[in-house]
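Q: Input structure: protein_9.pdb, which contains PDB, C-alpha atoms.
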ATOM      1  CA  MET A  15     196.158 -42.237 -32.680
ATOM      2  CA  ASN A  16     193.483 -39.889 -33.981
ATOM      3  CA  ILE A  17     190.368 -41.538 -32.583
ATOM      4  CA  ARG A  18     188.267 -38.683 -33.945
ATOM      5  CA  SER A  19     188.896 -39.937 -37.452
ATOM      6  CA  SER A  20     187.211 -43.241 -36.648
ATOM      7  CA  ASN A  21     183.515 -43.995 -36.974
ATOM      8  CA  TRP A  22     181.039 -46.242 -35.242
ATOM      9  CA  GLU A  23     181.019 -48.800 -38.061
ATOM     10  CA  LEU A  24     184.537 -49.947 -37.121
ATOM     11  CA  PHE A  25     183.530 -50.590 -33.527
ATOM     12  CA  ALA A  26     180.287 -52.271 -34.629
ATOM     13  CA  ALA A  27     182.385 -54.667 -36.722
ATOM     14  CA  TYR A  28     184.678 -55.300 -33.741
ATOM     15  CA  LEU A  29     181.700 -56.113 -31.509
ATOM     16  CA  ALA A  30     180.144 -58.395 -34.116
ATOM     17  CA  VAL A  31     183.369 -60.410 -34.459
ATOM     18  CA  CYS A  32     183.715 -60.613 -30.661
ATOM     19  CA  ARG A  33     180.186 -62.002 -30.441
ATOM     20  CA  THR A  34     180.370 -64.453 -33.340
ATOM     21  CA  SER A  35     184.107 -65.341 -33.491
ATOM     22  CA  SER A  36     183.839 -65.233 -37.264
ATOM     23  CA  LEU A  37     184.193 -62.615 -39.996
ATOM     24  CA  SER A  38     181.507 -64.332 -42.066
ATOM     25  CA  ALA A  39     179.022 -64.599 -39.188
ATOM     26  CA  ALA A  40     179.758 -61.017 -38.160
ATOM     27  CA  ALA A  41     179.121 -59.886 -41.727
ATOM     28  CA  ARG A  42     175.764 -61.677 -41.799
ATOM     29  CA  SER A  43     174.713 -60.096 -38.502
ATOM     30  CA  LEU A  44     175.597 -56.642 -39.822
ATOM     31  CA  GLY A  45     174.136 -57.153 -43.299
ATOM     32  CA  LEU A  46     177.555 -56.603 -44.890
ATOM     33  CA  SER A  47     179.989 -58.618 -46.974
ATOM     34  CA  GLN A  48     182.817 -60.539 -45.366
ATOM     35  CA  PRO A  49     185.518 -58.460 -47.142
ATOM     36  CA  THR A  50     183.903 -55.279 -45.837
ATOM     37  CA  VAL A  51     184.025 -56.494 -42.245
ATOM     38  CA  ARG A  52     187.627 -57.636 -42.723
ATOM     39  CA  ARG A  53     188.570 -54.165 -43.996
ATOM     40  CA  GLN A  54     186.806 -52.554 -41.031
ATOM     41  CA  ILE A  55     188.703 -54.732 -38.544
ATOM     42  CA  GLU A  56     191.981 -53.978 -40.322
ATOM     43  CA  ALA A  57     191.175 -50.262 -40.257
ATOM     44  CA  LEU A  58     190.425 -50.389 -36.536
ATOM     45  CA  GLU A  59     193.643 -52.300 -35.856
ATOM     46  CA  ALA A  60     195.562 -49.674 -37.811
ATOM     47  CA  LEU A  61     193.808 -46.938 -35.837
ATOM     48  CA  VAL A  62     194.628 -48.359 -32.413
ATOM     49  CA  GLY A  63     198.036 -49.694 -33.444
ATOM     50  CA  THR A  64     197.631 -53.299 -32.349
ATOM     51  CA  THR A  65     196.220 -56.651 -33.439
ATOM     52  CA  LEU A  66     192.802 -57.244 -31.886
ATOM     53  CA  PHE A  67     192.108 -60.918 -32.643
ATOM     54  CA  THR A  68     193.911 -64.218 -32.856
ATOM     55  CA  ARG A  69     192.801 -67.396 -34.581
ATOM     56  CA  SER A  70     191.975 -70.471 -32.522
ATOM     57  CA  ALA A  71     190.015 -73.689 -32.899
ATOM     58  CA  ALA A  72     186.961 -71.722 -31.793
ATOM     59  CA  GLY A  73     187.506 -69.045 -34.453
ATOM     60  CA  LEU A  74     188.585 -65.456 -33.978
ATOM     61  CA  VAL A  75     188.972 -64.530 -30.315
ATOM     62  CA  PRO A  76     190.116 -61.253 -28.718
ATOM     63  CA  LEU A  77     193.730 -61.256 -27.643
ATOM     64  CA  GLU A  78     194.351 -61.802 -23.957
ATOM     65  CA  GLY A  79     194.369 -58.459 -22.196
ATOM     66  CA  HIS A  80     191.992 -56.935 -24.760
ATOM     67  CA  LEU A  81     188.775 -58.429 -23.359
ATOM     68  CA  SER A  82     187.909 -55.183 -21.556
ATOM     69  CA  LEU A  83     187.737 -53.464 -24.951
ATOM     70  CA  MET A  84     184.486 -55.279 -25.649
ATOM     71  CA  ALA A  85     182.824 -53.611 -22.653
ATOM     72  CA  GLU A  86     183.920 -50.221 -23.944
ATOM     73  CA  ALA A  87     182.629 -51.020 -27.432
ATOM     74  CA  GLU A  88     179.314 -52.144 -25.929
ATOM     75  CA  ALA A  89     179.096 -48.811 -24.097
ATOM     76  CA  MET A  90     179.578 -47.054 -27.445
ATOM     77  CA  GLU A  91     176.897 -49.281 -28.952
ATOM     78  CA  SER A  92     174.489 -48.380 -26.139
ATOM     79  CA  ALA A  93     175.205 -44.682 -26.618
ATOM     80  CA  ALA A  94     174.642 -44.939 -30.372
ATOM     81  CA  LEU A  95     171.348 -46.763 -29.885
ATOM     82  CA  ALA A  96     170.274 -44.262 -27.231
ATOM     83  CA  PHE A  97     171.063 -41.417 -29.622
ATOM     84  CA  ALA A  98     168.940 -43.073 -32.294
ATOM     85  CA  ARG A  99     166.051 -43.503 -29.861
ATOM     86  CA  LEU A 100     166.256 -39.893 -28.728
ATOM     87  CA  ALA A 101     166.290 -38.664 -32.308
ATOM     88  CA  SER A 102     163.547 -40.954 -33.592
ATOM     89  CA  SER A 103     160.620 -38.657 -32.777
ATOM     90  CA  SER A 104     159.778 -35.288 -31.341
ATOM     91  CA  ALA A 105     159.763 -34.704 -27.599
ATOM     92  CA  ASP A 106     155.954 -34.479 -27.484
ATOM     93  CA  ASP A 107     155.201 -37.454 -29.705
ATOM     94  CA  VAL A 108     154.321 -40.749 -28.008
ATOM     95  CA  SER A 109     155.957 -42.878 -30.676
ATOM     96  CA  GLY A 110     159.278 -44.503 -31.289
ATOM     97  CA  THR A 111     161.366 -46.821 -29.156
ATOM     98  CA  VAL A 112     161.662 -47.084 -25.390
ATOM     99  CA  ARG A 113     164.164 -49.623 -24.070
ATOM    100  CA  ILE A 114     163.336 -51.249 -20.726
ATOM    101  CA  SER A 115     165.707 -53.337 -18.657
ATOM    102  CA  CYS A 116     164.442 -55.784 -16.038
ATOM    103  CA  SER A 117     165.047 -59.272 -14.712
ATOM    104  CA  ASN A 118     164.040 -62.347 -16.692
ATOM    105  CA  VAL A 119     161.117 -63.067 -14.377
ATOM    106  CA  TYR A 120     159.775 -59.515 -14.502
ATOM    107  CA  GLY A 121     160.098 -59.468 -18.269
ATOM    108  CA  VAL A 122     158.330 -62.787 -18.830
ATOM    109  CA  GLU A 123     155.821 -62.990 -15.976
ATOM    110  CA  ILE A 124     155.022 -59.418 -14.879
ATOM    111  CA  LEU A 125     155.500 -56.840 -17.615
ATOM    112  CA  PRO A 126     153.826 -58.353 -20.742
ATOM    113  CA  PRO A 127     150.204 -57.427 -19.823
ATOM    114  CA  ILE A 128     151.351 -53.941 -18.803
ATOM    115  CA  LEU A 129     153.141 -53.511 -22.115
ATOM    116  CA  ALA A 130     150.158 -54.877 -24.053
ATOM    117  CA  GLU A 131     147.905 -52.241 -22.471
ATOM    118  CA  LEU A 132     150.471 -49.560 -23.256
ATOM    119  CA  GLN A 133     150.685 -50.582 -26.881
ATOM    120  CA  ALA A 134     146.909 -50.677 -27.230
ATOM    121  CA  THR A 135     146.726 -47.113 -25.928
ATOM    122  CA  TRP A 136     149.767 -45.843 -27.846
ATOM    123  CA  PRO A 137     150.000 -47.935 -31.056
ATOM    124  CA  LYS A 138     153.033 -46.020 -32.367
ATOM    125  CA  LEU A 139     155.047 -46.944 -29.299
ATOM    126  CA  GLU A 140     157.800 -49.549 -29.720
ATOM    127  CA  ILE A 141     159.244 -51.420 -26.757
ATOM    128  CA  GLU A 142     162.665 -53.017 -26.504
ATOM    129  CA  LEU A 143     162.934 -55.358 -23.524
ATOM    130  CA  ALA A 144     166.401 -56.223 -22.241
ATOM    131  CA  LEU A 145     166.046 -59.244 -19.973
ATOM    132  CA  THR A 146     168.954 -59.412 -17.584
ATOM    133  CA  ASN A 147     169.553 -59.860 -13.897
ATOM    134  CA  ASP A 148     172.440 -57.436 -14.168
ATOM    135  CA  ILE A 149     171.657 -53.847 -13.217
ATOM    136  CA  ALA A 150     171.383 -51.776 -16.380
ATOM    137  CA  ASN A 151     173.642 -48.751 -16.368
ATOM    138  CA  LEU A 152     171.231 -45.932 -17.158
ATOM    139  CA  LEU A 153     174.004 -43.349 -16.992
ATOM    140  CA  ARG A 154     175.673 -45.108 -19.928
ATOM    141  CA  ARG A 155     172.281 -45.461 -21.623
ATOM    142  CA  ASP A 156     172.144 -49.255 -21.705
ATOM    143  CA  ALA A 157     168.400 -48.706 -21.319
ATOM    144  CA  ASP A 158     165.948 -45.810 -21.055
ATOM    145  CA  ILE A 159     164.019 -47.250 -18.093
ATOM    146  CA  ALA A 160     164.899 -50.001 -15.635
ATOM    147  CA  VAL A 161     163.054 -51.982 -12.984
ATOM    148  CA  ARG A 162     165.489 -52.464 -10.114
ATOM    149  CA  LEU A 163     165.538 -54.075  -6.685
ATOM    150  CA  ALA A 164     167.813 -51.416  -5.228
ATOM    151  CA  ARG A 165     167.432 -47.659  -5.074
ATOM    152  CA  PRO A 166     169.972 -45.973  -7.355
ATOM    153  CA  GLU A 167     172.263 -43.439  -5.756
ATOM    154  CA  GLN A 168     173.190 -41.425  -8.843
ATOM    155  CA  ALA A 169     171.774 -37.883  -8.839
ATOM    156  CA  ALA A 170     171.104 -37.939 -12.585
ATOM    157  CA  LEU A 171     168.477 -40.683 -12.240
ATOM    158  CA  VAL A 172     164.775 -40.362 -11.471
ATOM    159  CA  ALA A 173     163.460 -43.192  -9.289
ATOM    160  CA  ARG A 174     159.980 -44.086  -8.061
ATOM    161  CA  LYS A 175     159.452 -46.732  -5.414
ATOM    162  CA  VAL A 176     156.749 -49.286  -6.230
ATOM    163  CA  SER A 177     155.278 -52.233  -4.342
ATOM    164  CA  PRO A 178     158.019 -54.457  -2.938
ATOM    165  CA  MET A 179     158.819 -57.797  -4.468
ATOM    166  CA  ARG A 180     157.428 -60.387  -2.036
ATOM    167  CA  LEU A 181     158.851 -63.891  -2.194
ATOM    168  CA  GLY A 182     157.495 -67.167  -0.885
ATOM    169  CA  PHE A 183     158.086 -70.909  -0.994
ATOM    170  CA  PHE A 184     155.904 -72.715  -3.525
ATOM    171  CA  ALA A 185     155.284 -76.209  -4.819
ATOM    172  CA  ALA A 186     153.058 -77.818  -7.417
ATOM    173  CA  PRO A 187     149.829 -79.142  -5.839
ATOM    174  CA  GLN A 188     150.792 -82.846  -5.798
ATOM    175  CA  LEU A 189     154.200 -82.162  -4.259
ATOM    176  CA  ALA A 190     152.667 -79.724  -1.784
ATOM    177  CA  GLU A 191     150.566 -82.591  -0.402
ATOM    178  CA  ARG A 192     153.719 -84.638   0.207
ATOM    179  CA  VAL A 193     155.467 -81.904   2.191
ATOM    180  CA  ARG A 194     152.441 -80.417   3.939
ATOM    181  CA  GLY A 195     153.118 -79.617   7.609
ATOM    182  CA  MET A 196     156.915 -79.796   7.371
ATOM    183  CA  ASP A 197     158.997 -76.974   8.792
ATOM    184  CA  PHE A 198     161.976 -75.658   6.849
ATOM    185  CA  ALA A 199     164.498 -78.017   8.473
ATOM    186  CA  ALA A 200     162.381 -81.076   7.703
ATOM    187  CA  LEU A 201     161.715 -79.916   4.158
ATOM    188  CA  SER A 202     165.404 -79.223   3.625
ATOM    189  CA  ALA A 203     166.282 -82.735   4.804
ATOM    190  CA  THR A 204     164.094 -84.278   2.071
ATOM    191  CA  GLY A 205     166.404 -82.931  -0.654
ATOM    192  CA  LEU A 206     163.356 -81.645  -2.553
ATOM    193  CA  MET A 207     164.446 -77.998  -2.598
ATOM    194  CA  ILE A 208     165.272 -76.043  -5.737
ATOM    195  CA  SER A 209     168.312 -73.805  -5.596
ATOM    196  CA  GLN A 210     171.062 -72.236  -7.700
ATOM    197  CA  ASP A 211     173.967 -73.793  -9.530
ATOM    198  CA  ARG A 212     176.897 -71.384  -9.170
ATOM    199  CA  LEU A 213     175.329 -68.280  -7.683
ATOM    200  CA  ASP A 214     174.875 -67.979  -3.926
ATOM    201  CA  THR A 215     172.066 -65.424  -3.579
ATOM    202  CA  ILE A 216     169.381 -67.911  -2.467
ATOM    203  CA  ALA A 217     171.677 -69.492   0.124
ATOM    204  CA  ALA A 218     172.714 -66.033   1.343
ATOM    205  CA  GLY A 219     169.066 -65.011   1.617
ATOM    206  CA  LEU A 220     168.231 -68.121   3.646
ATOM    207  CA  ARG A 221     171.102 -67.405   6.012
ATOM    208  CA  GLN A 222     169.802 -63.861   6.494
ATOM    209  CA  LEU A 223     166.503 -65.409   7.588
ATOM    210  CA  GLY A 224     168.385 -67.527  10.129
ATOM    211  CA  LEU A 225     167.970 -70.704   8.070
ATOM    212  CA  LYS A 226     170.630 -73.219   7.115
ATOM    213  CA  PRO A 227     170.720 -73.754   3.326
ATOM    214  CA  PRO A 228     170.045 -77.372   2.331
ATOM    215  CA  THR A 229     173.103 -79.511   1.682
ATOM    216  CA  ARG A 230     171.327 -81.492  -1.045
ATOM    217  CA  THR A 231     168.877 -80.116  -3.608
ATOM    218  CA  VAL A 232     166.855 -81.854  -6.289
ATOM    219  CA  PHE A 233     167.336 -79.180  -8.971
ATOM    220  CA  ARG A 234     169.809 -76.344  -9.434
ATOM    221  CA  SER A 235     169.884 -73.507 -11.941
ATOM    222  CA  ASP A 236     171.059 -69.907 -11.860
ATOM    223  CA  ASP A 237     168.218 -68.971 -14.225
ATOM    224  CA  ASP A 238     165.126 -67.751 -12.357
ATOM    225  CA  LEU A 239     162.818 -68.855 -15.168
ATOM    226  CA  ALA A 240     164.272 -72.372 -15.127
ATOM    227  CA  GLN A 241     163.672 -72.519 -11.375
ATOM    228  CA  LEU A 242     160.074 -71.362 -11.866
ATOM    229  CA  ALA A 243     159.522 -73.990 -14.567
ATOM    230  CA  ALA A 244     160.901 -76.649 -12.220
ATOM    231  CA  ILE A 245     158.488 -75.583  -9.466
ATOM    232  CA  ARG A 246     155.541 -75.666 -11.878
ATOM    233  CA  SER A 247     156.562 -79.118 -13.115
ATOM    234  CA  GLY A 248     156.580 -80.560  -9.599
ATOM    235  CA  ILE A 249     160.335 -81.210  -9.532
ATOM    236  CA  GLY A 250     160.787 -79.546  -6.162
ATOM    237  CA  VAL A 251     159.959 -76.743  -3.765
ATOM    238  CA  GLY A 252     161.329 -73.356  -4.745
ATOM    239  CA  ILE A 253     161.182 -69.636  -4.173
ATOM    240  CA  CYS A 254     159.310 -67.272  -6.458
ATOM    241  CA  GLN A 255     157.358 -64.035  -6.290
ATOM    242  CA  ILE A 256     154.111 -64.572  -4.384
ATOM    243  CA  ALA A 257     152.057 -62.928  -7.133
ATOM    244  CA  ILE A 258     153.525 -65.277  -9.744
ATOM    245  CA  GLY A 259     153.077 -68.371  -7.573
ATOM    246  CA  GLN A 260     149.427 -67.555  -6.932
ATOM    247  CA  LYS A 261     148.780 -66.758 -10.589
ATOM    248  CA  SER A 262     150.381 -70.057 -11.612
ATOM    249  CA  GLY A 263     148.161 -72.198  -9.385
ATOM    250  CA  LEU A 264     151.061 -73.208  -7.161
ATOM    251  CA  VAL A 265     150.612 -73.941  -3.466
ATOM    252  CA  ARG A 266     152.370 -71.725  -0.996
ATOM    253  CA  ILE A 267     154.080 -73.463   1.897
ATOM    254  CA  LEU A 268     156.112 -72.171   4.848
ATOM    255  CA  GLU A 269     153.904 -69.076   4.821
ATOM    256  CA  ASP A 270     155.719 -67.534   7.775
ATOM    257  CA  LEU A 271     158.766 -67.106   5.543
ATOM    258  CA  ALA A 272     158.155 -64.166   3.193
ATOM    259  CA  PRO A 273     161.259 -62.093   2.417
ATOM    260  CA  THR A 274     160.610 -58.810   0.622
ATOM    261  CA  PHE A 275     162.786 -56.548  -1.496
ATOM    262  CA  ASP A 276     162.157 -52.918  -2.373
ATOM    263  CA  ALA A 277     161.478 -52.323  -6.055
ATOM    264  CA  TRP A 278     162.066 -49.179  -8.096
ATOM    265  CA  VAL A 279     161.304 -47.893 -11.568
ATOM    266  CA  VAL A 280     164.198 -45.743 -12.744
ATOM    267  CA  MET A 281     165.065 -43.568 -15.724
ATOM    268  CA  HIS A 282     167.670 -40.977 -16.628
ATOM    269  CA  GLU A 283     166.456 -37.450 -15.934
ATOM    270  CA  ASP A 284     167.042 -36.507 -19.600
ATOM    271  CA  GLN A 285     164.254 -38.916 -20.547
ATOM    272  CA  LYS A 286     161.675 -36.733 -18.787
ATOM    273  CA  ARG A 287     161.521 -34.421 -21.785
ATOM    274  CA  LEU A 288     160.371 -37.254 -24.043
ATOM    275  CA  ALA A 289     156.657 -37.983 -23.939
ATOM    276  CA  ARG A 290     157.109 -41.628 -24.874
ATOM    277  CA  ALA A 291     159.528 -42.209 -22.001
ATOM    278  CA  ARG A 292     157.274 -40.412 -19.519
ATOM    279  CA  VAL A 293     154.264 -42.436 -20.637
ATOM    280  CA  VAL A 294     156.065 -45.764 -20.216
ATOM    281  CA  PHE A 295     157.651 -44.721 -16.920
ATOM    282  CA  ASP A 296     154.316 -43.585 -15.461
ATOM    283  CA  ALA A 297     152.542 -46.734 -16.674
ATOM    284  CA  LEU A 298     155.143 -48.997 -15.073
ATOM    285  CA  VAL A 299     154.999 -47.103 -11.784
ATOM    286  CA  LYS A 300     151.188 -47.265 -11.701
ATOM    287  CA  ALA A 301     150.990 -50.950 -12.616
ATOM    288  CA  LEU A 302     153.773 -52.100 -10.295
ATOM    289  CA  ASP A 303     152.591 -50.056  -7.315
ATOM    290  CA  ARG A 304     149.568 -52.204  -6.486
TER
END
Using the file provided, produce a representation of the structure as structure tokens.

A:
Amino acid sequence: MNIRSSNWELFAAYLAVCRTSSLSAAARSLGLSQPTVRRQIEALEALVGTTLFTRSAAGLVPLEGHLSLMAEAEAMESAALAFARLASSSADDVSGTVRISCSNVYGVEILPPILAELQATWPKLEIELALTNDIANLLRRDADIAVRLARPEQAALVARKVSPMRLGFFAAPQLAERVRGMDFAALSATGLMISQDRLDTIAAGLRQLGLKPPTRTVFRSDDDLAQLAAIRSGIGVGICQIAIGQKSGLVRILEDLAPTFDAWVVMHEDQKRLARARVVFDALVKALDR
């Protein structure tokens, strides 16, 4: 197999089919014709010497045992996009694209006013925001800058510690009146707590505080934004960042319980030579270190 004879378009077609399970849908996402995408998949299969997809009721799906190939193709996609961002303007020009990775809550509730101020100051700056609770791999260039809740250990990354993320228990005003004065055990017994569906991070955090997670909860979701919406709607009592709870007009309860997590703004050291990356990095550090 002469992988050097391949080009990125073949892997882009592979990724598009993985994501859409359809040659036609993949073609639309790539702005190509369906026959072109079919030829690209056939060329890639000839290159690697194996069939990559099988037909099912759900459409085209990767063959069993080939699922890890998608992660490798996504790494290639990230590298190609990072290359395009690096090449899009000169090192001293504050213009072009900077890709930021952060959690859903940070991206929706914390960063928008910071980014609005950045864009007003640097109108040629373009921001890509990757909302994920997974830690972006900056070494593989999934993003240029990331907001993380753990200090990275890799030597090739530049990290600045900012104000810690402080969490608290909050409820909508009407519900807060109903549970006022309860301790955690009594509140837990009401079944009015908001928790997660399949993940266990909230329960694990409660156990670290010496608290027994509730056996019955009124609302469960693994999505932090869905939990926040449920708190705001008065469905139950939940955990959110103190700054967000206060800004939202929620009532803080159980004020003696306030777990904190260190927060970091991180970028690859190669990004330091780009003015646009430095500007965004410095702005995030300044705004989040309050």

Q: Would you mind reading off the distance between CA of Leu288 in chain A and CA of Tyr120 in chain A, one decimal, in Å?

A: 24.2 Å

Q: Using Å and a single decimal, report how far CA of Gly224 in chain A sits from CA of Leu271 in chain A.

A: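 Separating CA of Leu271 in chain A from CA of Gly224 in chain A is a distance of 10.7 Å.
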
Q: Tell me, in Å to one decimal, how far CA of Phe184 in chain A is from CA of Cys116 in chain A.

A: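 Atom-to-atom, CA of Phe184 in chain A and CA of Cys116 in chain A are spaced 22.7 Å apart.
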
Q: Could you write out as a list in words the residues that the PyMOL selection byres ((chain A and resi 297) around 12) matches in the shown file?

A: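 Going through the file, the PyMOL selection byres ((chain A and resi 297) around 12) ends up selecting Leu125, Pro127, Ile128, Leu129, Ala130, Glu131, Leu132, Gln133, Thr135, Trp136, Ile159, Arg174, Val176, Val279, Arg290, Ala291, Arg292, Val293, Val294, Phe295, Asp296, Leu298, Val299, Lys300, Ala301, Leu302, Asp303 and Arg304 of chain A.
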
Q: Could you tell me which of A:Arg246, A:Ile256, A:Asp284, A:Glu140 comes closest to Thr111 in chain A if we count only C-alpha atoms?

A: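 Between A:Arg246, A:Ile256, A:Asp284, A:Glu140, the residue approaching Thr111 in chain A most closely is A:Glu140.
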
Q: Could you spell out the hits of the PyMOL selection byres ((chain A and resi 36) around 12) on the shown file, as a ChimeraX atom specification?

A: /A:27-35,37-43,48,51-52,55,67-76

Q: Applying 12 Å and only C-alpha atoms, which residues near Gln222 in chain A remain after dropping the ones on its own chain fewer than 6 positions away? List them as a PDB file with C-alpha atoms, keeping the file's coordinate frame.

A:
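Here's the written file around-v3.pdb:
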ATOM      1  CA  THR A 215     172.066 -65.424  -3.579  1.00  0.00           C
ATOM      2  CA  ILE A 216     169.381 -67.911  -2.467  1.00  0.00           C
ATOM      3  CA  LEU A 271     158.766 -67.106   5.543  1.00  0.00           C
ATOM      4  CA  PRO A 273     161.259 -62.093   2.417  1.00  0.00           C
TER       5      PRO A 273
END

Q: Excluding Met281 in chain A and its own-chain neighbours fewer than 6 positions away, which residues fall within 6 Å of it when counting all atoms listed in the file? Please give them as a ChimeraX atom specification.

A: /A:158-159,171-172

Q: Using all atoms listed in the file, which residue out of A:Arg113, A:Arg234, A:Lys226, A:Arg266 lies closest to Val280 in chain A?

A: A:Arg113
